[in-house]
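This is entry_19.csv (CSV, N, CA and C atoms).
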chain,number,residue,atom,x,y,z
A,1,MET,N,0.8,-1.2,0.0
A,1,MET,CA,0.0,0.0,0.0
A,1,MET,C,0.9,1.2,0.0
A,2,ALA,N,0.6,2.2,-0.9
A,2,ALA,CA,1.4,3.4,-1.0
A,2,ALA,C,1.0,4.4,0.1
A,3,LYS,N,2.0,5.2,0.6
A,3,LYS,CA,1.7,6.2,1.7
A,3,LYS,C,1.2,7.4,1.0
A,4,LYS,N,0.2,8.0,1.7
A,4,LYS,CA,-0.4,9.3,1.2
A,4,LYS,C,0.4,10.4,1.8
A,5,LYS,N,0.6,11.4,1.0
A,5,LYS,CA,1.4,12.6,1.4
A,5,LYS,C,0.4,13.6,2.1
A,6,ALA,N,0.9,14.2,3.1
A,6,ALA,CA,0.1,15.2,3.8
A,6,ALA,C,0.1,16.5,3.0
A,7,VAL,N,-1.1,17.1,2.8
A,7,VAL,CA,-1.2,18.3,2.0
A,7,VAL,C,-1.2,19.5,3.0
A,8,LYS,N,-0.3,20.4,2.8
A,8,LYS,CA,-0.2,21.6,3.6
A,8,LYS,C,-0.8,22.8,2.9
A,9,THR,N,-1.5,23.6,3.7
A,9,THR,CA,-2.1,24.8,3.2
A,9,THR,C,-1.1,25.9,3.4
A,10,LYS,N,-0.7,26.6,2.4
A,10,LYS,CA,0.2,27.7,2.5
A,10,LYS,C,-0.5,29.0,2.8
A,11,LEU,N,0.0,29.7,3.8
A,11,LEU,CA,-0.6,30.9,4.3
A,11,LEU,C,0.4,32.0,4.1
A,12,ARG,N,-0.1,33.2,3.9
A,12,ARG,CA,0.8,34.4,3.8
A,12,ARG,C,1.6,34.5,5.1
A,13,LYS,N,2.7,35.1,5.1
A,13,LYS,CA,3.5,35.4,6.3
A,13,LYS,C,2.7,36.2,7.2
A,14,GLY,N,2.7,35.8,8.5
A,14,GLY,CA,1.9,36.6,9.5
A,14,GLY,C,0.5,36.1,9.7
A,15,THR,N,0.0,35.2,8.8
A,15,THR,CA,-1.3,34.6,9.0
A,15,THR,C,-1.2,33.4,9.8
A,16,ARG,N,-2.2,33.2,10.7
A,16,ARG,CA,-2.2,32.0,11.5
A,16,ARG,C,-3.5,31.2,11.4
A,17,LYS,N,-3.5,30.0,11.6
A,17,LYS,CA,-4.6,29.1,11.6
A,17,LYS,C,-5.4,29.3,12.9
A,18,THR,N,-6.7,29.4,12.9
A,18,THR,CA,-7.5,29.5,14.1
A,18,THR,C,-7.6,28.2,14.8
A,19,PRO,N,-7.1,28.1,16.1
A,19,PRO,CA,-7.2,26.8,16.8
A,19,PRO,C,-8.7,26.5,17.0
A,20,VAL,N,-9.0,25.2,17.1
A,20,VAL,CA,-10.4,24.8,17.3
A,20,VAL,C,-11.0,25.3,18.6
A,21,ILE,N,-10.1,25.4,19.6
A,21,ILE,CA,-10.6,25.9,20.9
A,21,ILE,C,-11.1,27.3,20.8
A,22,GLU,N,-10.8,28.1,19.8
A,22,GLU,CA,-11.3,29.4,19.7
A,22,GLU,C,-12.6,29.5,18.9
A,23,ILE,N,-13.1,28.3,18.5
A,23,ILE,CA,-14.4,28.3,17.8
A,23,ILE,C,-15.4,27.6,18.7
A,24,ALA,N,-16.4,28.4,19.1
A,24,ALA,CA,-17.4,27.9,20.0
A,24,ALA,C,-18.1,26.6,19.5
A,25,PRO,N,-18.5,25.7,20.3
A,25,PRO,CA,-19.1,24.4,19.9
A,25,PRO,C,-20.3,24.6,19.0
A,26,GLU,N,-21.2,25.7,19.2
A,26,GLU,CA,-22.3,25.9,18.3
A,26,GLU,C,-21.9,26.4,16.9
A,27,GLU,N,-20.7,26.8,16.8
A,27,GLU,CA,-20.2,27.4,15.5
A,27,GLU,C,-19.4,26.3,14.7
A,28,GLN,N,-19.2,25.1,15.3
A,28,GLN,CA,-18.4,24.1,14.6
A,28,GLN,C,-19.2,23.2,13.7
A,29,ILE,N,-18.6,22.9,12.5
A,29,ILE,CA,-19.3,22.0,11.6
A,29,ILE,C,-18.2,21.0,11.2
A,30,VAL,N,-18.5,19.7,11.6
A,30,VAL,CA,-17.6,18.6,11.3
A,30,VAL,C,-17.6,18.3,9.8
A,31,GLY,N,-16.4,18.2,9.2
A,31,GLY,CA,-16.3,17.8,7.8
A,31,GLY,C,-16.2,19.0,6.9
A,32,ALA,N,-16.5,20.2,7.3
A,32,ALA,CA,-16.4,21.4,6.5
A,32,ALA,C,-15.1,22.0,6.6
A,33,ILE,N,-14.7,22.8,5.6
A,33,ILE,CA,-13.4,23.5,5.6
A,33,ILE,C,-13.6,24.9,6.3
A,34,PHE,N,-12.9,25.1,7.4
A,34,PHE,CA,-13.0,26.4,8.0
A,34,PHE,C,-12.3,27.5,7.2
A,35,LEU,N,-13.0,28.6,6.9
A,35,LEU,CA,-12.4,29.6,6.1
A,35,LEU,C,-11.9,30.8,7.0
A,36,GLY,N,-12.6,31.0,8.1
A,36,GLY,CA,-12.2,32.1,9.0
A,36,GLY,C,-13.4,32.6,9.7
A,37,LYS,N,-13.3,33.7,10.4
A,37,LYS,CA,-14.3,34.4,11.2
A,37,LYS,C,-14.7,35.7,10.6
A,38,VAL,N,-15.9,36.1,10.7
A,38,VAL,CA,-16.4,37.4,10.2
A,38,VAL,C,-15.7,38.5,11.0
A,39,THR,N,-15.0,39.4,10.4
A,39,THR,CA,-14.3,40.5,11.1
A,39,THR,C,-15.1,41.8,11.0
A,40,GLU,N,-15.9,41.9,9.9
A,40,GLU,CA,-16.8,43.1,9.8
A,40,GLU,C,-18.0,42.7,9.0
A,41,PHE,N,-19.1,43.4,9.3
A,41,PHE,CA,-20.4,43.2,8.6
A,41,PHE,C,-20.9,44.6,8.2
A,42,ASP,N,-21.1,44.8,6.9
A,42,ASP,CA,-21.7,46.0,6.3
A,42,ASP,C,-23.2,45.8,6.0
A,43,ALA,N,-24.0,46.3,6.9
A,43,ALA,CA,-25.5,46.1,6.8
A,43,ALA,C,-26.1,46.7,5.6
A,44,ARG,N,-25.5,47.9,5.2
A,44,ARG,CA,-26.1,48.6,4.0
A,44,ARG,C,-25.9,47.8,2.7
A,45,ARG,N,-24.7,47.3,2.5
A,45,ARG,CA,-24.4,46.5,1.3
A,45,ARG,C,-24.5,45.0,1.5
A,46,CYS,N,-24.8,44.6,2.7
A,46,CYS,CA,-24.9,43.1,3.1
A,46,CYS,C,-23.6,42.4,2.7
A,47,LEU,N,-22.5,42.9,3.2
A,47,LEU,CA,-21.2,42.2,2.9
A,47,LEU,C,-20.5,41.8,4.2
A,48,ILE,N,-19.9,40.7,4.2
A,48,ILE,CA,-19.1,40.3,5.4
A,48,ILE,C,-17.6,40.3,4.9
A,49,ARG,N,-16.7,40.6,5.9
A,49,ARG,CA,-15.3,40.6,5.6
A,49,ARG,C,-14.7,39.4,6.4
A,50,VAL,N,-13.8,38.6,5.7
A,50,VAL,CA,-13.2,37.4,6.3
A,50,VAL,C,-11.8,37.4,5.8
A,51,GLU,N,-10.9,37.1,6.8
A,51,GLU,CA,-9.5,36.8,6.4
A,51,GLU,C,-9.4,35.3,6.2
A,52,LEU,N,-9.2,34.9,5.0
A,52,LEU,CA,-9.3,33.4,4.6
A,52,LEU,C,-8.1,32.6,5.1
A,53,GLU,N,-8.5,31.4,5.6
A,53,GLU,CA,-7.5,30.4,6.0
A,53,GLU,C,-7.4,29.3,4.9
A,54,ASP,N,-8.3,29.4,3.9
A,54,ASP,CA,-8.3,28.4,2.8
A,54,ASP,C,-8.8,29.2,1.6
A,55,GLY,N,-8.7,28.6,0.4
A,55,GLY,CA,-9.1,29.3,-0.8
A,55,GLY,C,-10.6,29.3,-0.9
A,56,LEU,N,-11.1,30.3,-1.7
A,56,LEU,CA,-12.6,30.5,-1.9
A,56,LEU,C,-12.8,31.1,-3.3
A,57,ALA,N,-13.8,30.6,-4.0
A,57,ALA,CA,-14.1,31.1,-5.4
A,57,ALA,C,-15.6,31.3,-5.6
A,58,ASN,N,-15.9,32.1,-6.6
A,58,ASN,CA,-17.3,32.3,-6.9
A,58,ASN,C,-17.9,30.9,-7.3
A,59,GLY,N,-19.1,30.7,-6.8
A,59,GLY,CA,-19.8,29.4,-7.1
A,59,GLY,C,-19.6,28.4,-5.9
A,60,ASP,N,-18.7,28.6,-5.0
A,60,ASP,CA,-18.5,27.8,-3.8
A,60,ASP,C,-19.7,28.0,-2.9
A,61,THR,N,-20.1,27.0,-2.2
A,61,THR,CA,-21.1,27.1,-1.2
A,61,THR,C,-20.5,27.3,0.2
A,62,ILE,N,-20.9,28.3,0.9
A,62,ILE,CA,-20.4,28.6,2.2
A,62,ILE,C,-21.5,28.5,3.2
A,63,ARG,N,-21.1,28.3,4.5
A,63,ARG,CA,-22.1,28.3,5.6
A,63,ARG,C,-21.5,29.2,6.7
A,64,ILE,N,-22.3,30.1,7.1
A,64,ILE,CA,-21.9,31.0,8.2
A,64,ILE,C,-22.7,30.6,9.4
A,65,LYS,N,-21.9,30.3,10.5
A,65,LYS,CA,-22.5,29.7,11.7
A,65,LYS,C,-22.1,30.5,12.9
A,66,GLY,N,-23.0,30.9,13.7
A,66,GLY,CA,-22.7,31.6,14.9
A,66,GLY,C,-23.8,31.3,16.0
A,67,HIS,N,-23.7,32.0,17.1
A,67,HIS,CA,-24.7,31.8,18.2
A,67,HIS,C,-26.1,32.0,17.7
A,68,ILE,N,-26.4,33.0,16.9
A,68,ILE,CA,-27.7,33.2,16.3
A,68,ILE,C,-27.8,32.9,14.8
A,69,THR,N,-26.7,33.2,14.1
A,69,THR,CA,-26.7,33.0,12.7
A,69,THR,C,-26.5,31.6,12.2
A,70,ASP,N,-27.2,31.2,11.2
A,70,ASP,CA,-27.0,29.9,10.5
A,70,ASP,C,-27.5,30.1,9.1
A,71,LEU,N,-26.5,30.4,8.2
A,71,LEU,CA,-26.8,30.7,6.8
A,71,LEU,C,-26.0,29.9,5.9
A,72,THR,N,-26.7,29.3,4.9
A,72,THR,CA,-25.9,28.5,3.8
A,72,THR,C,-26.3,29.2,2.5
A,73,GLN,N,-25.3,29.5,1.7
A,73,GLN,CA,-25.5,30.1,0.4
A,73,GLN,C,-24.3,29.9,-0.6
A,74,LYS,N,-24.5,30.1,-1.9
A,74,LYS,CA,-23.4,30.1,-2.8
A,74,LYS,C,-22.8,31.5,-2.9
A,75,VAL,N,-21.5,31.5,-3.1
A,75,VAL,CA,-20.8,32.8,-3.3
A,75,VAL,C,-21.0,33.3,-4.7
A,76,GLU,N,-21.7,34.5,-4.7
A,76,GLU,CA,-22.0,35.1,-6.0
A,76,GLU,C,-21.2,36.3,-6.3
A,77,ARG,N,-20.7,37.0,-5.2
A,77,ARG,CA,-20.0,38.2,-5.3
A,77,ARG,C,-18.8,38.2,-4.3
A,78,LEU,N,-17.6,38.2,-4.9
A,78,LEU,CA,-16.4,38.1,-4.1
A,78,LEU,C,-15.5,39.3,-4.4
A,79,GLN,N,-15.0,40.0,-3.4
A,79,GLN,CA,-14.2,41.2,-3.7
A,79,GLN,C,-13.0,41.2,-2.8
A,80,ILE,N,-11.9,41.7,-3.4
A,80,ILE,CA,-10.7,42.0,-2.6
A,80,ILE,C,-10.4,43.5,-2.8
A,81,LYS,N,-10.3,44.2,-1.6
A,81,LYS,CA,-10.1,45.6,-1.6
A,81,LYS,C,-11.0,46.4,-2.6
A,82,GLY,N,-12.3,46.0,-2.6
A,82,GLY,CA,-13.3,46.7,-3.4
A,82,GLY,C,-13.3,46.3,-4.9
A,83,GLN,N,-12.4,45.4,-5.3
A,83,GLN,CA,-12.3,44.9,-6.7
A,83,GLN,C,-12.9,43.5,-6.8
A,84,LYS,N,-13.8,43.3,-7.8
A,84,LYS,CA,-14.4,42.0,-8.0
A,84,LYS,C,-13.3,41.0,-8.4
A,85,THR,N,-13.5,39.8,-7.9
A,85,THR,CA,-12.5,38.8,-8.3
A,85,THR,C,-13.3,37.4,-8.4
A,86,GLN,N,-12.7,36.5,-9.1
A,86,GLN,CA,-13.3,35.2,-9.3
A,86,GLN,C,-12.9,34.2,-8.1
A,87,SER,N,-11.7,34.4,-7.6
A,87,SER,CA,-11.2,33.5,-6.5
A,87,SER,C,-10.2,34.3,-5.6
A,88,ALA,N,-10.0,33.7,-4.4
A,88,ALA,CA,-9.1,34.3,-3.5
A,88,ALA,C,-8.4,33.1,-2.8
A,89,SER,N,-7.2,33.3,-2.4
A,89,SER,CA,-6.4,32.3,-1.7
A,89,SER,C,-6.2,32.5,-0.2
A,90,ALA,N,-5.7,31.5,0.5
A,90,ALA,CA,-5.5,31.7,1.9
A,90,ALA,C,-4.6,32.9,2.2
A,91,GLY,N,-5.0,33.6,3.3
A,91,GLY,CA,-4.2,34.7,3.7
A,91,GLY,C,-4.8,36.0,3.2
A,92,GLU,N,-5.7,36.0,2.2
A,92,GLU,CA,-6.3,37.2,1.7
A,92,GLU,C,-7.5,37.6,2.5
A,93,THR,N,-7.8,38.9,2.6
A,93,THR,CA,-9.0,39.4,3.2
A,93,THR,C,-10.0,39.7,2.1
A,94,VAL,N,-11.2,39.1,2.2
A,94,VAL,CA,-12.2,39.2,1.2
A,94,VAL,C,-13.5,39.7,1.7
A,95,ASP,N,-14.3,40.4,0.8
A,95,ASP,CA,-15.7,40.7,1.1
A,95,ASP,C,-16.6,39.8,0.3
A,96,VAL,N,-17.6,39.2,1.0
A,96,VAL,CA,-18.5,38.3,0.4
A,96,VAL,C,-19.9,38.9,0.6
A,97,GLN,N,-20.7,39.0,-0.5
A,97,GLN,CA,-22.1,39.4,-0.3
A,97,GLN,C,-22.9,38.3,0.3
A,98,VAL,N,-23.7,38.6,1.3
A,98,VAL,CA,-24.5,37.6,1.9
A,98,VAL,C,-26.0,38.0,1.8
A,99,ALA,N,-26.9,37.0,2.0
A,99,ALA,CA,-28.3,37.2,1.9
A,99,ALA,C,-29.0,37.7,3.1
A,100,HIS,N,-28.4,37.4,4.3
A,100,HIS,CA,-29.0,37.8,5.6
A,100,HIS,C,-27.9,38.4,6.5
A,101,ARG,N,-28.4,39.0,7.6
A,101,ARG,CA,-27.5,39.6,8.5
A,101,ARG,C,-26.5,38.5,9.1
A,102,SER,N,-25.3,39.0,9.3
A,102,SER,CA,-24.3,38.1,9.9
A,102,SER,C,-23.7,39.0,11.0
A,103,ARG,N,-23.0,38.3,12.0
A,103,ARG,CA,-22.4,39.1,13.1
A,103,ARG,C,-20.9,38.9,13.1
A,104,VAL,N,-20.2,39.9,13.6
A,104,VAL,CA,-18.8,39.8,13.8
A,104,VAL,C,-18.5,38.6,14.8
A,105,GLY,N,-17.6,37.7,14.4
A,105,GLY,CA,-17.2,36.6,15.2
A,105,GLY,C,-17.8,35.3,14.7
A,106,ASP,N,-18.8,35.4,13.8
A,106,ASP,CA,-19.4,34.1,13.2
A,106,ASP,C,-18.4,33.4,12.4
A,107,ALA,N,-18.4,32.1,12.5
A,107,ALA,CA,-17.5,31.2,11.7
A,107,ALA,C,-18.0,31.0,10.3
A,108,VAL,N,-17.1,31.0,9.3
A,108,VAL,CA,-17.4,30.8,7.9
A,108,VAL,C,-16.7,29.5,7.5
A,109,TYR,N,-17.5,28.6,6.8
A,109,TYR,CA,-17.1,27.4,6.3
A,109,TYR,C,-17.4,27.2,4.8
A,110,LYS,N,-16.5,26.4,4.2
A,110,LYS,CA,-16.8,26.0,2.8
A,110,LYS,C,-17.3,24.6,2.8
A,111,LEU,N,-18.4,24.4,2.2
A,111,LEU,CA,-19.0,23.1,2.1
A,111,LEU,C,-18.6,22.3,0.9

Show how you would write the structure in this file as structure tokens.
Amino acid sequence: MAKKKAVKTKLRKGTRKTPVIEIAPEEQIVGAIFLGKVTEFDARRCLIRVELEDGLANGDTIRIKGHITDLTQKVERLQIKGQKTQSASAGETVDVQVAHRSRVGDAVYKL
């Protein structure tokens, strides 16, 4: 039987992975890829800001989970520094348009 290689996620210098202990039990989703936590929410434009710990692209399905929030949707609008983009990689800070209110500190997952 051949050995499987461990796949490492490359992050930008200064970026850290969020330890599981920092994610509340009600925010955890087993089997989903943790993207990061909501750092800002713009209610006027319905955008969340997330510093990514893994890649994200238009068309991906995300789930935002928090104490009150539980939202699943496809990524239709993704921006980096106000410019539309098709994808973003780990370590980048992105704005994602969401359908409903989200709160700072909510966990974001890729399904």

Neighbour list for region 81-85 of chain A as a short mmCIF file (atom, residue, chain, number, x, y, z; two decimals) with N, CA and C atoms, in the frame of the given file, cut-off 9 Å, only C-alpha atoms, skip fewer than 3 positions in-chain:
data_model
loop_
_atom_site.label_atom_id
_atom_site.label_comp_id
_atom_site.auth_asym_id
_atom_site.auth_seq_id
_atom_site.Cartn_x
_atom_site.Cartn_y
_atom_site.Cartn_z
N ALA A 57 -13.80 30.60 -4.00
CA ALA A 57 -14.10 31.10 -5.40
C ALA A 57 -15.60 31.30 -5.60
N ASN A 58 -15.90 32.10 -6.60
CA ASN A 58 -17.30 32.30 -6.90
C ASN A 58 -17.90 30.90 -7.30
N ARG A 77 -20.70 37.00 -5.20
CA ARG A 77 -20.00 38.20 -5.30
C ARG A 77 -18.80 38.20 -4.30
N LEU A 78 -17.60 38.20 -4.90
CA LEU A 78 -16.40 38.10 -4.10
C LEU A 78 -15.50 39.30 -4.40
N ALA A 88 -10.00 33.70 -4.40
CA ALA A 88 -9.10 34.30 -3.50
C ALA A 88 -8.40 33.10 -2.80
N THR A 93 -7.80 38.90 2.60
CA THR A 93 -9.00 39.40 3.20
C THR A 93 -10.00 39.70 2.10
N VAL A 94 -11.20 39.10 2.20
CA VAL A 94 -12.20 39.20 1.20
C VAL A 94 -13.50 39.70 1.70
N ASP A 95 -14.30 40.40 0.80
CA ASP A 95 -15.70 40.70 1.10
C ASP A 95 -16.60 39.80 0.30
#

Mind pulling up the distance from CA of Ile80 (chain A) to CA of His67 (chain A)?
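Atom-to-atom, CA of His67 (chain A) to CA of Ile80 (chain A), that is 27.1 Å.
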
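Using only C-alpha atoms, the shortest contact distance between Glu53 (chain A) and any of A:Ala107, A:Ala90, A:Val96, A:Ala32 is found at A:Ala90.
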
Distance of CA of Arg49 (chain A) from CA of Glu76 (chain A), expressed in Å to one decimal place:
14.5 Å

For each of A:Asp42, A:Val108, A:Gly55, A:Val98, take the minimum atom-to-atom distance to Val75 (chain A), counting all atoms listed in the file, then give the residue where this is smallest.
A:Val98

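The shortest atom-to-atom distance to Ser87 (chain A), with all atoms listed in the file taken into account, belongs to A:Leu56 out of A:Thr72, A:Phe34, A:Leu56, A:Asp106.
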
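Nearest to Ile62 (chain A) of all the residues A:Ala99, A:Val50, A:Leu111, A:Val38 is A:Leu111, based on only N, CA and C atoms.
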
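The coordinates place CA of Gln73 (chain A) at 5.7 Å from atom C of Thr61 (chain A).
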
Can you pull out the residues contacting Ser102 (chain A)? Cut-off 8 Å, using all atoms listed in the file, and skip same-chain residues under 4 positions away; I want them as a list in words.
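The contact residues come out as Val38, Glu40, Phe41, Asp42, Ala43, Cys46, Leu47, Ile48, Ile64, Ile68, Thr69, Asp70, Val98 and Asp106 of chain A.
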